[in-house]
Each structure stands twice: as C-alpha cells, then as structure tokens.
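Peer 1: Below is the file structure26.cif, with mmCIF, C-alpha atoms and all ligand atoms; chains and numbers go by the auth columns.
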data_upload
#
loop_
_atom_site.group_PDB
_atom_site.id
_atom_site.type_symbol
_atom_site.label_atom_id
_atom_site.label_comp_id
_atom_site.label_asym_id
_atom_site.label_seq_id
_atom_site.Cartn_x
_atom_site.Cartn_y
_atom_site.Cartn_z
_atom_site.B_iso_or_equiv
_atom_site.auth_seq_id
_atom_site.auth_asym_id
ATOM 1 C CA MET A 1 0.000 0.000 0.000 0.00 17 A
ATOM 2 C CA GLU A 2 1.224 3.510 -0.804 0.00 18 A
ATOM 3 C CA ASP A 3 0.801 6.415 1.605 0.00 19 A
ATOM 4 C CA LYS A 4 -2.323 8.050 0.205 0.00 20 A
ATOM 5 C CA LYS A 5 -1.729 11.258 2.202 0.00 21 A
ATOM 6 C CA GLU A 6 1.167 12.175 -0.064 0.00 22 A
ATOM 7 C CA ILE A 7 -0.599 11.541 -3.335 0.00 23 A
ATOM 8 C CA LYS A 8 -1.989 14.306 -5.482 0.00 24 A
ATOM 9 C CA ILE A 9 -4.548 13.321 -8.095 0.00 25 A
ATOM 10 C CA ALA A 10 -5.207 14.955 -11.478 0.00 26 A
ATOM 11 C CA PHE A 11 -8.926 14.482 -12.035 0.00 27 A
ATOM 12 C CA ALA A 12 -10.896 15.059 -15.237 0.00 28 A
ATOM 13 C CA THR A 13 -14.182 14.037 -16.771 0.00 29 A
ATOM 14 C CA ASP A 14 -16.312 14.778 -19.811 0.00 30 A
ATOM 15 C CA HIS A 15 -20.058 15.449 -20.017 0.00 31 A
ATOM 16 C CA ALA A 16 -20.864 11.728 -19.864 0.00 32 A
ATOM 17 C CA ALA A 17 -19.647 11.745 -16.265 0.00 33 A
ATOM 18 C CA SER A 18 -21.528 14.876 -15.179 0.00 34 A
ATOM 19 C CA GLN A 19 -23.815 12.900 -12.839 0.00 35 A
ATOM 20 C CA VAL A 20 -20.978 11.208 -10.965 0.00 36 A
ATOM 21 C CA ARG A 21 -18.010 13.567 -11.194 0.00 37 A
ATOM 22 C CA GLU A 22 -18.546 15.511 -7.970 0.00 38 A
ATOM 23 C CA ALA A 23 -19.336 12.370 -5.995 0.00 39 A
ATOM 24 C CA VAL A 24 -16.184 10.581 -7.165 0.00 40 A
ATOM 25 C CA LYS A 25 -14.049 13.673 -6.618 0.00 41 A
ATOM 26 C CA ASN A 26 -15.451 14.189 -3.129 0.00 42 A
ATOM 27 C CA TYR A 27 -14.944 10.527 -2.351 0.00 43 A
ATOM 28 C CA LEU A 28 -11.253 10.783 -3.272 0.00 44 A
ATOM 29 C CA ILE A 29 -10.892 13.838 -1.057 0.00 45 A
ATOM 30 C CA SER A 30 -12.744 12.079 1.771 0.00 46 A
ATOM 31 C CA ILE A 31 -10.246 9.222 1.765 0.00 47 A
ATOM 32 C CA GLY A 32 -7.322 11.601 1.988 0.00 48 A
ATOM 33 C CA TYR A 33 -6.180 12.514 -1.512 0.00 49 A
ATOM 34 C CA GLU A 34 -5.478 15.991 -2.774 0.00 50 A
ATOM 35 C CA VAL A 35 -7.441 16.420 -5.993 0.00 51 A
ATOM 36 C CA GLU A 36 -6.833 18.920 -8.770 0.00 52 A
ATOM 37 C CA ASP A 37 -9.864 19.146 -11.039 0.00 53 A
ATOM 38 C CA PHE A 38 -9.166 19.818 -14.729 0.00 54 A
ATOM 39 C CA GLY A 39 -12.852 19.865 -15.748 0.00 55 A
ATOM 40 C CA TYR A 40 -15.243 19.432 -17.474 0.00 56 A
ATOM 41 C CA SER A 41 -17.838 20.665 -15.016 0.00 57 A
ATOM 42 C CA GLY A 42 -20.746 21.369 -17.385 0.00 58 A
ATOM 43 C CA GLU A 43 -23.459 19.117 -18.745 0.00 59 A
ATOM 44 C CA ASP A 44 -23.364 20.169 -22.392 0.00 60 A
ATOM 45 C CA SER A 45 -21.453 17.966 -24.777 0.00 61 A
ATOM 46 C CA CYS A 46 -17.676 18.499 -24.716 0.00 62 A
ATOM 47 C CA ASP A 47 -14.573 16.837 -26.147 0.00 63 A
ATOM 48 C CA TYR A 48 -12.824 14.478 -23.723 0.00 64 A
ATOM 49 C CA PRO A 49 -9.327 14.876 -25.294 0.00 65 A
ATOM 50 C CA ASP A 50 -9.208 18.494 -24.053 0.00 66 A
ATOM 51 C CA TYR A 51 -9.544 17.351 -20.427 0.00 67 A
ATOM 52 C CA ALA A 52 -7.522 14.173 -20.729 0.00 68 A
ATOM 53 C CA TYR A 53 -4.631 16.252 -22.078 0.00 69 A
ATOM 54 C CA LYS A 54 -4.679 18.764 -19.219 0.00 70 A
ATOM 55 C CA ALA A 55 -4.733 16.076 -16.554 0.00 71 A
ATOM 56 C CA ALA A 56 -2.117 13.944 -18.340 0.00 72 A
ATOM 57 C CA LEU A 57 0.241 16.914 -18.621 0.00 73 A
ATOM 58 C CA SER A 58 -0.052 17.467 -14.882 0.00 74 A
ATOM 59 C CA VAL A 59 1.001 13.857 -14.260 0.00 75 A
ATOM 60 C CA GLN A 60 3.763 14.026 -16.878 0.00 76 A
ATOM 61 C CA GLN A 61 5.170 17.180 -15.266 0.00 77 A
ATOM 62 C CA GLY A 62 5.049 15.681 -11.788 0.00 78 A
ATOM 63 C CA LYS A 63 2.537 18.211 -10.512 0.00 79 A
ATOM 64 C CA ALA A 64 0.204 15.295 -9.843 0.00 80 A
ATOM 65 C CA ASP A 65 1.284 11.807 -8.850 0.00 81 A
ATOM 66 C CA LYS A 66 -1.528 9.950 -10.564 0.00 82 A
ATOM 67 C CA GLY A 67 -4.672 10.640 -12.539 0.00 83 A
ATOM 68 C CA VAL A 68 -8.294 9.550 -12.498 0.00 84 A
ATOM 69 C CA LEU A 69 -10.258 10.227 -15.682 0.00 85 A
ATOM 70 C CA ILE A 70 -13.910 9.440 -16.316 0.00 86 A
ATOM 71 C CA CYS A 71 -15.764 9.488 -19.628 0.00 87 A
ATOM 72 C CA GLY A 72 -18.592 7.278 -20.862 0.00 88 A
ATOM 73 C CA THR A 73 -16.456 4.163 -21.145 0.00 89 A
ATOM 74 C CA GLY A 74 -12.959 5.184 -19.997 0.00 90 A
ATOM 75 C CA ILE A 75 -11.740 4.343 -23.487 0.00 91 A
ATOM 76 C CA GLY A 76 -11.518 7.760 -25.135 0.00 92 A
ATOM 77 C CA MET A 77 -9.845 9.296 -22.093 0.00 93 A
ATOM 78 C CA ALA A 78 -7.205 6.547 -22.139 0.00 94 A
ATOM 79 C CA ILE A 79 -6.534 6.876 -25.853 0.00 95 A
ATOM 80 C CA ALA A 80 -6.031 10.631 -25.480 0.00 96 A
ATOM 81 C CA ALA A 81 -3.977 10.494 -22.262 0.00 97 A
ATOM 82 C CA ASN A 82 -1.676 7.839 -23.714 0.00 98 A
ATOM 83 C CA LYS A 83 -0.566 10.320 -26.397 0.00 99 A
ATOM 84 C CA VAL A 84 1.285 12.239 -23.690 0.00 100 A
ATOM 85 C CA LYS A 85 4.816 10.950 -23.231 0.00 101 A
ATOM 86 C CA GLY A 86 5.352 9.235 -19.912 0.00 102 A
ATOM 87 C CA ILE A 87 1.704 8.428 -19.423 0.00 103 A
ATOM 88 C CA ILE A 88 0.439 4.908 -18.953 0.00 104 A
ATOM 89 C CA ALA A 89 -3.339 5.258 -18.923 0.00 105 A
ATOM 90 C CA ALA A 90 -5.396 2.123 -18.387 0.00 106 A
ATOM 91 C CA THR A 91 -9.085 1.580 -18.980 0.00 107 A
ATOM 92 C CA VAL A 92 -10.359 -0.731 -16.269 0.00 108 A
ATOM 93 C CA TRP A 93 -13.782 -2.188 -15.531 0.00 109 A
ATOM 94 C CA ASN A 94 -13.632 -3.747 -12.078 0.00 110 A
ATOM 95 C CA ASP A 95 -11.487 -3.871 -8.934 0.00 111 A
ATOM 96 C CA ASP A 96 -9.284 -6.647 -10.284 0.00 112 A
ATOM 97 C CA THR A 97 -8.330 -4.782 -13.437 0.00 113 A
ATOM 98 C CA ALA A 98 -7.856 -1.588 -11.400 0.00 114 A
ATOM 99 C CA ARG A 99 -5.418 -3.431 -9.135 0.00 115 A
ATOM 100 C CA LEU A 100 -3.587 -5.098 -12.000 0.00 116 A
ATOM 101 C CA ALA A 101 -3.237 -1.837 -13.931 0.00 117 A
ATOM 102 C CA ALA A 102 -1.198 -0.511 -10.994 0.00 118 A
ATOM 103 C CA GLN A 103 0.532 -3.731 -9.987 0.00 119 A
ATOM 104 C CA HIS A 104 1.536 -5.089 -13.405 0.00 120 A
ATOM 105 C CA ASN A 105 1.244 -2.214 -15.881 0.00 121 A
ATOM 106 C CA LYS A 106 2.511 0.656 -13.713 0.00 122 A
ATOM 107 C CA ALA A 107 -0.380 2.767 -14.930 0.00 123 A
ATOM 108 C CA ASN A 108 -0.217 6.332 -13.697 0.00 124 A
ATOM 109 C CA ILE A 109 -3.687 7.240 -14.928 0.00 125 A
ATOM 110 C CA LEU A 110 -6.890 5.316 -14.310 0.00 126 A
ATOM 111 C CA CYS A 111 -9.657 5.615 -16.902 0.00 127 A
ATOM 112 C CA ILE A 112 -13.145 4.495 -15.978 0.00 128 A
ATOM 113 C CA GLY A 113 -16.590 4.639 -17.524 0.00 129 A
ATOM 114 C CA SER A 114 -19.663 6.359 -16.131 0.00 130 A
ATOM 115 C CA ARG A 115 -21.825 4.367 -18.561 0.00 131 A
ATOM 116 C CA THR A 116 -20.251 1.036 -17.736 0.00 132 A
ATOM 117 C CA ALA A 117 -19.995 1.187 -13.947 0.00 133 A
ATOM 118 C CA THR A 118 -22.045 2.364 -10.978 0.00 134 A
ATOM 119 C CA LEU A 119 -20.939 5.232 -8.745 0.00 135 A
ATOM 120 C CA ARG A 120 -19.986 2.735 -6.085 0.00 136 A
ATOM 121 C CA GLU A 121 -17.859 0.795 -8.577 0.00 137 A
ATOM 122 C CA LEU A 122 -16.214 3.969 -9.865 0.00 138 A
ATOM 123 C CA CYS A 123 -15.206 4.909 -6.316 0.00 139 A
ATOM 124 C CA SER A 124 -14.033 1.425 -5.504 0.00 140 A
ATOM 125 C CA MET A 125 -11.926 1.093 -8.668 0.00 141 A
ATOM 126 C CA SER A 126 -10.348 4.487 -7.984 0.00 142 A
ATOM 127 C CA LYS A 127 -9.443 3.567 -4.417 0.00 143 A
ATOM 128 C CA THR A 128 -8.067 0.179 -5.437 0.00 144 A
ATOM 129 C CA PHE A 129 -5.940 1.696 -8.181 0.00 145 A
ATOM 130 C CA LEU A 130 -4.571 4.486 -6.006 0.00 146 A
ATOM 131 C CA GLN A 131 -3.737 2.216 -3.098 0.00 147 A
ATOM 132 C CA THR A 132 -1.973 -0.479 -5.093 0.00 148 A
ATOM 133 C CA ALA A 133 1.782 -0.319 -5.634 0.00 149 A
ATOM 134 C CA PHE A 134 3.661 -1.404 -8.746 0.00 150 A
ATOM 135 C CA GLU A 135 5.440 -4.757 -8.519 0.00 151 A
ATOM 136 C CA GLU A 136 9.033 -4.275 -9.640 0.00 152 A
ATOM 137 C CA ARG A 137 9.165 -7.758 -11.164 0.00 153 A
ATOM 138 C CA HIS A 138 7.247 -6.302 -14.128 0.00 154 A
ATOM 139 C CA SER A 139 9.725 -3.488 -14.724 0.00 155 A
ATOM 140 C CA VAL A 140 11.461 -5.013 -17.781 0.00 156 A
ATOM 141 C CA ARG A 141 8.173 -4.995 -19.683 0.00 157 A
ATOM 142 C CA ILE A 142 7.458 -1.418 -18.648 0.00 158 A
ATOM 143 C CA GLN A 143 10.915 -0.395 -19.856 0.00 159 A
ATOM 144 C CA LYS A 144 10.139 -2.027 -23.213 0.00 160 A
ATOM 145 C CA ILE A 145 6.999 0.086 -23.466 0.00 161 A
ATOM 146 C CA LYS A 146 9.068 3.205 -22.708 0.00 162 A
ATOM 147 C CA ASP A 147 11.592 2.128 -25.347 0.00 163 A
ATOM 148 C CA ILE A 148 8.818 2.011 -27.946 0.00 164 A
ATOM 149 C CA GLU A 149 7.715 5.487 -26.877 0.00 165 A
ATOM 150 C CA ASN A 150 11.277 6.811 -27.150 0.00 166 A
ATOM 151 C CA LYS A 151 11.595 5.516 -30.724 0.00 167 A
ATOM 152 C CA GLN A 152 8.784 7.839 -31.851 0.00 168 A
ATOM 153 C CA ASN A 153 9.470 11.348 -33.139 0.00 169 A
HETATM 154 C C1 LIG B . -19.268 10.766 -25.151 0.00 201 A
HETATM 155 O O1 LIG B . -20.514 10.566 -25.741 0.00 201 A
HETATM 156 C C2 LIG B . -18.453 9.491 -25.191 0.00 201 A
HETATM 157 O O2 LIG B . -18.071 9.192 -26.473 0.00 201 A
HETATM 158 C C3 LIG B . -17.258 9.625 -24.271 0.00 201 A
HETATM 159 O O3 LIG B . -17.681 9.910 -22.989 0.00 201 A
HETATM 160 C C4 LIG B . -16.386 8.403 -24.129 0.00 201 A
HETATM 161 O O4 LIG B . -17.136 7.286 -23.757 0.00 201 A
HETATM 162 C C5 LIG B . -15.461 8.110 -25.217 0.00 201 A
HETATM 163 O O5 LIG B . -14.678 7.161 -25.151 0.00 201 A
#
Mind turning this structure into structure tokens?
Ligand code: RB5

Peer 2:
Amino acid sequence: MEDKKEIKIAFATDHAASQVREAVKNYLISIGYEVEDFGYSGEDSCDYPDYAYKAALSVQQGKADKGVLICGTGIGMAIAANKVKGIIAATVWNDDTARLAAQHNKANILCIGSRTATLRELCSMSKTFLQTAFEERHSVRIQKIKDIENKQN
C-alpha cells in the first residue's frame, strides 16, 4: 500500500460523467487525496481529449502523482492520455483490473466509464488503483513500453 496522504490526483471528466463527477471527486478527497480538477464541469457535450490532455500533462510534469479520468467508457480518455509521453493510462472495468493496472502495468492514470460502472464501482476502482503499488518484477516490460515510446518522433 502507498501512503495516500502524499498523493496528489489529477482528475478530469467529460459530459458523460456529469452525474458522478462531484461524488467521485469528493470521495477521493474524503479518503485523503489531494485532488486537482481539470474539468469538465458542465453538462453540455464536450470533447474528452481536451480534459484528458490537461490532466495527463499534470502527471507528466510531476505536478500530480496519478490521474483519475472518467468518460462514458474510460476508453476515449485513455486513448487521449496515452498520447502524452510518460503516461500509462489504463481503462479498467472492475477492482481486479484496477489493481492489475497498478501492480503489473505501472499505470499512472486510471480511466473508468460512467456508462459502464455504478458510482460505487467507480469509487471502488479508484481507491483500489490508487492504493496499489507497482510490482518491480514487471519493470522489464514497462521499460520495453518506454523504449517504444522513445523511438517515436
Ligand atoms: C461521449 O458521448 C463518449 O463518447 C465519451 O464519454 C467516451 O465514452 C469516449 O470514449
């Protein structure tokens, strides 16, 4: 388990998550995390890459330790966040995949879906992800992923 008191979270959502965003954000704060909210706070349709990018940059630059992004499925947010160098964004759909994304894949951003999970599940997956440490035995594979990234222009 990592010390949650020291972890700052970059948080972002799109319009699909408007009904759950405040509840998930407040839940993260209630369990001791510092949360920086990068939007989107409205209900009108918006473009998730705009918010994924802002939150991913914060993680890349070390201003936030990890990220939690919510869109309809968690897929679009992950695709966008993974374009930012240094980001490993994982779409997960239950507590097991949330745990494994941290433990095996060294994900630094969690992407979850407001249309594919309940509020309770969204909170639980976030907590599981944030409180699970990476297992160093997987580090060779993570380095190979970074090597691929470094070969790009
Ligand atoms: C928005 O309708 C939806 O496409 C978005 O929230 C997300 O699910 C994309 O992956």

Peer 1: Produce a table with one row for each residue of chain A that has an atom at most 9 Å from any atom of ligand LIG 201 (chain A), each row naming the nearest atom pair and its distance in Å at one decimal; use all atoms listed in the file; arrange rows by chain and rising residue number; format as a Markdown table.

Peer 2:
| residue | atom | partner | partner_atom | distance |
| --- | --- | --- | --- | --- |
| A:Thr29 | CA | A:LIG201 | O3 | 8.2 |
| A:Asp30 | CA | A:LIG201 | O3 | 6.0 |
| A:His31 | CA | A:LIG201 | O3 | 6.7 |
| A:Ala32 | CA | A:LIG201 | O3 | 4.8 |
| A:Ala33 | CA | A:LIG201 | O3 | 7.2 |
| A:Ser61 | CA | A:LIG201 | O1 | 7.5 |
| A:Cys62 | CA | A:LIG201 | C1 | 7.9 |
| A:Asp63 | CA | A:LIG201 | C1 | 7.7 |
| A:Tyr64 | CA | A:LIG201 | C3 | 6.6 |
| A:Ile86 | CA | A:LIG201 | O3 | 7.7 |
| A:Cys87 | CA | A:LIG201 | O3 | 3.9 |
| A:Gly88 | CA | A:LIG201 | O4 | 3.2 |
| A:Thr89 | CA | A:LIG201 | O4 | 4.1 |
| A:Gly90 | CA | A:LIG201 | O5 | 5.8 |
| A:Ile91 | CA | A:LIG201 | O5 | 4.4 |
| A:Gly92 | CA | A:LIG201 | O5 | 3.2 |
| A:Met93 | CA | A:LIG201 | O5 | 6.1 |
| A:Ala94 | CA | A:LIG201 | O5 | 8.1 |
| A:Ile95 | CA | A:LIG201 | O5 | 8.2 |
| A:Gly129 | CA | A:LIG201 | O4 | 6.8 |
| A:Ser130 | CA | A:LIG201 | O3 | 8.0 |
| A:Arg131 | CA | A:LIG201 | O4 | 7.6 |

Peer 1: Do you have the atom CA of Ile125 of chain A-atom CA of Arg157 of chain A distance handy?

Peer 2: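 Separating atom CA of Ile125 of chain A from atom CA of Arg157 of chain A is a distance of 17.7 Å.
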
Peer 1: Rounded to one decimal in Å, what is the spacing between atom CA of Ala149 of chain A and atom CA of Arg115 of chain A?

Peer 2: 8.6 Å

Peer 1: Using all atoms listed in the file for the distances, tell me which of A:Ile47, A:Lys101, A:Ile161, A:Ala96 is nearest to Thr144 of chain A.

Peer 2: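 Comparing A:Ile47, A:Lys101, A:Ile161, A:Ala96 against Thr144 of chain A, the winner is A:Ile47.
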
Peer 1: Any idea what's packed within 12 Å of Thr134 of chain A, counting only C-alpha atoms, ignoring anything in its chain fewer than 4 positions away? Could you give it as a PDB file with C-alpha atoms, keeping the file's coordinate frame?

Peer 2:
ATOM      1  CA  ALA A  33     -19.647  11.745 -16.265  1.00  0.00           C
ATOM      2  CA  GLN A  35     -23.815  12.900 -12.839  1.00  0.00           C
ATOM      3  CA  VAL A  36     -20.978  11.208 -10.965  1.00  0.00           C
ATOM      4  CA  ARG A  37     -18.010  13.567 -11.194  1.00  0.00           C
ATOM      5  CA  ALA A  39     -19.336  12.370  -5.995  1.00  0.00           C
ATOM      6  CA  VAL A  40     -16.184  10.581  -7.165  1.00  0.00           C
ATOM      7  CA  GLY A  88     -18.592   7.278 -20.862  1.00  0.00           C
ATOM      8  CA  THR A  89     -16.456   4.163 -21.145  1.00  0.00           C
ATOM      9  CA  TRP A 109     -13.782  -2.188 -15.531  1.00  0.00           C
ATOM     10  CA  ASN A 110     -13.632  -3.747 -12.078  1.00  0.00           C
ATOM     11  CA  ILE A 128     -13.145   4.495 -15.978  1.00  0.00           C
ATOM     12  CA  GLY A 129     -16.590   4.639 -17.524  1.00  0.00           C
ATOM     13  CA  SER A 130     -19.663   6.359 -16.131  1.00  0.00           C
ATOM     14  CA  LEU A 138     -16.214   3.969  -9.865  1.00  0.00           C
ATOM     15  CA  CYS A 139     -15.206   4.909  -6.316  1.00  0.00           C
ATOM     16  CA  SER A 140     -14.033   1.425  -5.504  1.00  0.00           C
ATOM     17  CA  MET A 141     -11.926   1.093  -8.668  1.00  0.00           C
TER      18      MET A 141
END

Peer 1: Show me, as a list of chain:residue names, the residues that have an atom within 12 Å of Lys162 of chain A when counting all atoms listed in the file, minus same-chain residues fewer than 2 positions from it.

Peer 2: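 Contacts, in chain order: A:Asn98, A:Val100, A:Lys101, A:Gly102, A:Ile103, A:Ile104, A:Asn121, A:Lys122, A:Ser155, A:Val156, A:Arg157, A:Ile158, A:Gln159, A:Lys160, A:Ile164, A:Glu165, A:Asn166, A:Lys167, A:Gln168.
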
Peer 1: Translate the PyMOL selection byres (((chain A and resi 54) around 10) and not hetatm), as applied to the file shown, into an explicit residue set as a ChimeraX atom specification.

Peer 2: /A:26-29,51-53,55-57,66-72,74,85

Peer 1: Quick one, how far is atom CA of His154 of chain A from atom CA of Leu44 of chain A?

Peer 2: 27.4 Å

Peer 1: Using all atoms listed in the file, which of the listed residues (A:Ser142, A:Lys99, A:Lys82, A:Thr132) sits closest to Ala114 of chain A?

Peer 2: A:Ser142

Peer 1: Enclose all atoms of segment 47-56 of chain A listed in the file in an axis-aligned box, grow every side by 5 Å, and hand back centre and edge lengths in Å to one decimal, as lines of an AutoDock Vina configuration file.

Peer 2:
center_x = -10.4
center_y = 14.5
center_z = -7.7
size_x = 19.8
size_y = 20.6
size_z = 29.5

Peer 1: Written as a PyMOL selection string, what is the full residue list that the PyMOL selection byres (((chain A and resi 81) around 6) and not hetatm) yields on the file shown?

Peer 2: chain A and resi 23-24+75+80+82

Peer 1: Which one is closest to Arg153 of chain A: A:Gln119, A:Asn169, A:Asn124, A:Ser46? Count only C-alpha atoms.

Peer 2: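 Smallest distance to Arg153 of chain A is found for A:Gln119.
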
Peer 1: Hey, could you patch up segment 122-133 of chain A with all heavy atoms and hand it over as a short mmCIF file (atom, residue, chain, number, x, y, z; two decimals), keeping the file's coordinate frame?

Peer 2:
data_model
loop_
_atom_site.label_atom_id
_atom_site.label_comp_id
_atom_site.auth_asym_id
_atom_site.auth_seq_id
_atom_site.Cartn_x
_atom_site.Cartn_y
_atom_site.Cartn_z
N LYS A 122 1.98 -0.62 -14.21
CA LYS A 122 2.51 0.66 -13.71
C LYS A 122 1.74 1.86 -14.26
O LYS A 122 2.32 2.90 -14.60
CB LYS A 122 4.01 0.79 -14.05
CG LYS A 122 4.75 1.70 -13.07
CD LYS A 122 6.24 1.78 -13.37
CE LYS A 122 6.95 2.57 -12.29
NZ LYS A 122 8.41 2.63 -12.51
N ALA A 123 0.44 1.67 -14.42
CA ALA A 123 -0.38 2.77 -14.93
C ALA A 123 -0.30 3.94 -13.97
O ALA A 123 -0.33 3.77 -12.74
CB ALA A 123 -1.83 2.32 -15.08
N ASN A 124 -0.18 5.14 -14.54
CA ASN A 124 -0.22 6.33 -13.70
C ASN A 124 -1.52 7.11 -13.87
O ASN A 124 -1.75 8.09 -13.16
CB ASN A 124 1.03 7.21 -13.89
CG ASN A 124 1.33 7.49 -15.35
OD1 ASN A 124 0.47 7.27 -16.21
ND2 ASN A 124 2.53 7.99 -15.62
N ILE A 125 -2.35 6.64 -14.79
CA ILE A 125 -3.69 7.24 -14.93
C ILE A 125 -4.73 6.13 -15.06
O ILE A 125 -4.58 5.22 -15.89
CB ILE A 125 -3.76 8.20 -16.13
CG1 ILE A 125 -2.83 9.40 -15.89
CG2 ILE A 125 -5.19 8.64 -16.38
CD1 ILE A 125 -2.94 10.49 -16.93
N LEU A 126 -5.76 6.25 -14.27
CA LEU A 126 -6.89 5.32 -14.31
C LEU A 126 -8.00 5.92 -15.16
O LEU A 126 -8.34 7.10 -14.98
CB LEU A 126 -7.42 5.10 -12.89
CG LEU A 126 -8.58 4.12 -12.77
CD1 LEU A 126 -8.06 2.69 -12.83
CD2 LEU A 126 -9.36 4.35 -11.49
N CYS A 127 -8.56 5.13 -16.07
CA CYS A 127 -9.66 5.62 -16.90
C CYS A 127 -10.85 4.69 -16.71
O CYS A 127 -10.75 3.48 -16.91
CB CYS A 127 -9.23 5.64 -18.37
SG CYS A 127 -7.84 6.73 -18.66
N ILE A 128 -11.97 5.29 -16.32
CA ILE A 128 -13.14 4.50 -15.98
C ILE A 128 -14.40 5.08 -16.64
O ILE A 128 -14.41 6.25 -17.03
CB ILE A 128 -13.31 4.38 -14.44
CG1 ILE A 128 -13.07 5.73 -13.75
CG2 ILE A 128 -12.37 3.31 -13.89
CD1 ILE A 128 -13.12 5.68 -12.23
N GLY A 129 -15.42 4.26 -16.74
CA GLY A 129 -16.59 4.64 -17.52
C GLY A 129 -17.85 4.86 -16.71
O GLY A 129 -18.31 3.96 -16.01
N SER A 130 -18.42 6.05 -16.85
CA SER A 130 -19.66 6.36 -16.13
C SER A 130 -20.85 5.59 -16.69
O SER A 130 -21.87 5.45 -16.02
CB SER A 130 -19.95 7.86 -16.22
OG SER A 130 -20.14 8.21 -17.58
N ARG A 131 -20.72 5.10 -17.94
CA ARG A 131 -21.82 4.37 -18.56
C ARG A 131 -21.65 2.86 -18.42
O ARG A 131 -22.50 2.09 -18.86
CB ARG A 131 -21.93 4.74 -20.05
CG ARG A 131 -22.36 6.19 -20.26
CD ARG A 131 -22.29 6.60 -21.72
NE ARG A 131 -22.75 7.98 -21.88
CZ ARG A 131 -22.47 8.74 -22.93
NH1 ARG A 131 -21.75 8.27 -23.93
NH2 ARG A 131 -22.92 9.99 -22.99
N THR A 132 -20.53 2.47 -17.84
CA THR A 132 -20.25 1.04 -17.74
C THR A 132 -20.05 0.59 -16.29
O THR A 132 -19.75 -0.58 -16.04
CB THR A 132 -18.99 0.67 -18.56
OG1 THR A 132 -17.90 1.48 -18.11
CG2 THR A 132 -19.22 0.90 -20.05
N ALA A 133 -20.18 1.53 -15.36
CA ALA A 133 -20.00 1.19 -13.95
C ALA A 133 -20.90 2.07 -13.09
O ALA A 133 -21.28 3.17 -13.49
CB ALA A 133 -18.54 1.40 -13.54
#
